[in-house]
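A.B. asks: Quick one: the structure is below, and I'll ask about it shortly.
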Amino acid sequence: MSDAILPLIGRNKVLFSEDISNNEKKLSEEVSKSRFLVLGGAGSIGQAVTKEIFKRNPKKLHVVDISENNLVELVRDIRSSFGYIDGDFQTFALDIGSLEYDAFIKADGEYDYVLNLSALKHVRSEKDPFTLMRMIDVNVFNTDKTIQQSIAAGVKKYFCVSTDKAANPVNMMGASKRIMEMFLMRRSQEIEISTARFANVAFSDGSLLHGFNQRIQKNQPIVAPNDIKRYFVTPQESGELCLMSCIFGENRDIFFPKLSEALHLITFADIAVKYLKQRGYETHICENEDEARELVKTMPAQSKWPCLFTSSDTTGEKDFEEFFTEKEMLDMSRFENLGVIKNEIEYEPDLLNLFEDAISKFKSEQSWTKEEIIELFFKMIPDFGHKETGKYLDSKM
């Protein structure tokens, strides 16, 4: 899979092979004697992490996800690729925010490592106040709850995934992850926590590139922005990065991919052209949505695919990507292709209390607006770069 993806994202080599091989002995030894709980383990990154753990023969591997169907596919995928392990491998279709999940933790809860990959990751999820509140619940409060449960159960290490969008955030999703990082700081006094920030995961569930597969399957035009450049990692690289941070990260470390010659910025439109070529199609550029919808009825038979490439004007899109800010302290020498942000304990207890109280009040009244939440986010992150354009991805093809 990675071999087919690399040319599409403008690369000819994998990112972390040196770091993995240099540390494989220690990695395998640690995994084989440890017990793991992977939360949000049936999403694209969660599946990749689960596979990286599974193939190193863990003593125990439990996977929790809200998506029953994705868990079924994960098990089929693992059985088809890797077979079986001696350890206890089980999946549980549970909502991390639920009473059933709490009962599950109470009944067992014995893990050395807890990895949290659950998140609402789409910028489009901030368009209405209700989904936005769920984003806060999943990205901030469920994370904090599962850390507290890990502390109570004597878990050795907690890992959770952040996002490059948490560095100088411009959208609510990135800001929710930045706020999550503040909550992590507080809990890091009681348990070791490490995280990772990384680029877009190519062809991950729900991503634009994953949408290319869906459009071809459903005989529909391909649409992509031509002015936004992004870094991409493969699903396997995302799993390797998370596991490396989980096993080797020191308390409060944030791992990220180094911007080397191996990692290229590329536009979605450029990927679309490469993708279609790989599929045997020539790209046909259309003027508008109507033309694209009409031409897709006839063009594919001529080995051409209608595409609409436009500039982006939707809320929350960042012009560029960054994995760290000028204020953060870096260790760039420990690994070949992994950078590490080193953090001292730094958070404002009063600010976290303010956030918890405000959200709690909104929920108890069952009434809040997007504007009220944005105002609260600005209190948490004074230099928050959020700009509302009034346009969202759901209003486009």
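Residues are referred to by chain and number: the chain letter is A, B, ... according to the order shown in the structure tokens, the number counts from 1 in that chain, and ligands are numbered separately from 1 in the order shown.
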If DSSP is run on the backbone, what residues of stretch 243-332 of chain A are strand (DSSP E)? A reply as a list of chain:residue names would be ideal.
C.D. replies: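 These are the residues in question: A:Ile254, A:Phe255, A:Phe256, A:Pro257, A:Leu265, A:Ile266, A:Thr267, A:Glu282, A:Thr283, A:His284, A:Ile285, A:Lys304, A:Trp305, A:Pro306, A:Cys307, A:Leu308, A:Phe309, A:Thr310, A:Met329, A:Leu330, A:Asp331.
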A.B. asks: Within 9 Å of A:Val138, counting only C-alpha atoms, which residues show up once you throw out same-chain ones fewer than 2 positions away? Write them as a ChimeraX atom specification, please.
C.D. replies: /A:96-97,118-120,133-136,140-143
A.B. asks: Let me see the file: selected residues, N, CA, C and O atoms, as an mmCIF file, in the first residue's frame.
C.D. replies:
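Output (out.cif):
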data_model
loop_
_atom_site.group_PDB
_atom_site.id
_atom_site.type_symbol
_atom_site.label_atom_id
_atom_site.label_comp_id
_atom_site.auth_asym_id
_atom_site.auth_seq_id
_atom_site.Cartn_x
_atom_site.Cartn_y
_atom_site.Cartn_z
ATOM 1 N N ILE A 96 -16.040 6.020 24.010
ATOM 2 C CA ILE A 96 -15.156 6.323 25.140
ATOM 3 C C ILE A 96 -15.842 7.219 26.182
ATOM 4 O O ILE A 96 -15.522 7.166 27.359
ATOM 5 N N GLY A 97 -16.807 8.015 25.729
ATOM 6 C CA GLY A 97 -17.506 8.907 26.651
ATOM 7 C C GLY A 97 -18.627 8.232 27.435
ATOM 8 O O GLY A 97 -19.271 8.866 28.255
ATOM 9 N N SER A 118 -8.427 8.646 19.251
ATOM 10 C CA SER A 118 -9.777 9.116 18.929
ATOM 11 C C SER A 118 -9.769 10.639 18.793
ATOM 12 O O SER A 118 -9.128 11.333 19.573
ATOM 13 N N ALA A 119 -10.482 11.135 17.804
ATOM 14 C CA ALA A 119 -10.531 12.590 17.595
ATOM 15 C C ALA A 119 -11.611 12.924 16.586
ATOM 16 O O ALA A 119 -11.930 12.113 15.708
ATOM 17 N N LEU A 120 -12.189 14.108 16.719
ATOM 18 C CA LEU A 120 -12.920 14.705 15.599
ATOM 19 C C LEU A 120 -11.894 15.564 14.874
ATOM 20 O O LEU A 120 -11.365 16.513 15.443
ATOM 21 N N MET A 133 -19.401 21.227 19.874
ATOM 22 C CA MET A 133 -19.366 20.798 21.283
ATOM 23 C C MET A 133 -18.916 19.345 21.390
ATOM 24 O O MET A 133 -18.164 18.986 22.294
ATOM 25 N N ARG A 134 -19.352 18.512 20.443
ATOM 26 C CA ARG A 134 -18.900 17.118 20.471
ATOM 27 C C ARG A 134 -17.395 17.045 20.215
ATOM 28 O O ARG A 134 -16.683 16.225 20.799
ATOM 29 N N MET A 135 -16.891 17.920 19.335
ATOM 30 C CA MET A 135 -15.452 17.982 19.078
ATOM 31 C C MET A 135 -14.691 18.285 20.376
ATOM 32 O O MET A 135 -13.666 17.660 20.680
ATOM 33 N N ILE A 136 -15.204 19.236 21.154
ATOM 34 C CA ILE A 136 -14.576 19.587 22.436
ATOM 35 C C ILE A 136 -14.622 18.401 23.387
ATOM 36 O O ILE A 136 -13.638 18.082 24.066
ATOM 37 N N VAL A 140 -11.003 16.982 23.973
ATOM 38 C CA VAL A 140 -10.494 17.504 25.244
ATOM 39 C C VAL A 140 -10.942 16.652 26.436
ATOM 40 O O VAL A 140 -10.130 16.057 27.133
ATOM 41 N N PHE A 141 -12.256 16.579 26.658
ATOM 42 C CA PHE A 141 -12.741 15.993 27.916
ATOM 43 C C PHE A 141 -12.642 14.466 27.965
ATOM 44 O O PHE A 141 -12.333 13.902 29.012
ATOM 45 N N ASN A 142 -12.898 13.780 26.828
ATOM 46 C CA ASN A 142 -12.701 12.324 26.833
ATOM 47 C C ASN A 142 -11.231 11.972 27.038
ATOM 48 O O ASN A 142 -10.899 10.994 27.713
ATOM 49 N N THR A 143 -10.357 12.791 26.451
ATOM 50 C CA THR A 143 -8.916 12.587 26.646
ATOM 51 C C THR A 143 -8.571 12.733 28.127
ATOM 52 O O THR A 143 -7.911 11.873 28.716
#
A.B. asks: Report, in Å to a single decimal, how far apart atom CA of A:Ala175 and atom CA of A:Val233 are.
C.D. replies: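 Value for the atom CA of A:Val233-atom CA of A:Ala175 distance: 22.0 Å.
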A.B. asks: Would you compute the distance between atom CA of A:Gly211 and atom CA of A:Val223? Give it in Å to one decimal.
C.D. replies: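 Interatomic distance, atom CA of A:Gly211 to atom CA of A:Val223: 9.3 Å.
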A.B. asks: Excluding same-chain residues fewer than 3 positions from A:Ile222, what lies within 12 Å of it counting only C-alpha atoms, as a count of residues only?
C.D. replies: 41
A.B. asks: Any idea what's packed within 8 Å of A:Ile254, counting only C-alpha atoms, ignoring anything in its chain fewer than 2 positions away? Could you give it as a list in words?
C.D. replies: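 Within the cut-off, the hits are Ser194, Thr195, Ala196, Arg197, Ser245, Gly249, Arg252, Phe256, Val340, Ile341 and Lys342 of chain A.
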A.B. asks: Could you tell me how far atom CA of A:Ser204 sits from atom CA of A:Asp290, in Å to one decimal place?
C.D. replies: 27.9 Å
A.B. asks: Which residues come within 10 Å of stretch 146-154 of chain A, counting only C-alpha atoms, excluding same-chain residues fewer than 6 positions away, as a list in words?
C.D. replies: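 In the requested format, the answer is Leu39, Ile96, Gly97, Tyr101, Asp102, Ile105, Lys106, Asp108, Gly109, Glu110, Tyr111, Asp112, Tyr113, Val114, Leu115, Asn116, Cys160, Phe183, Leu184, Arg187, Ser188, Glu190, Ile191, Glu192 and Ile193 of chain A.
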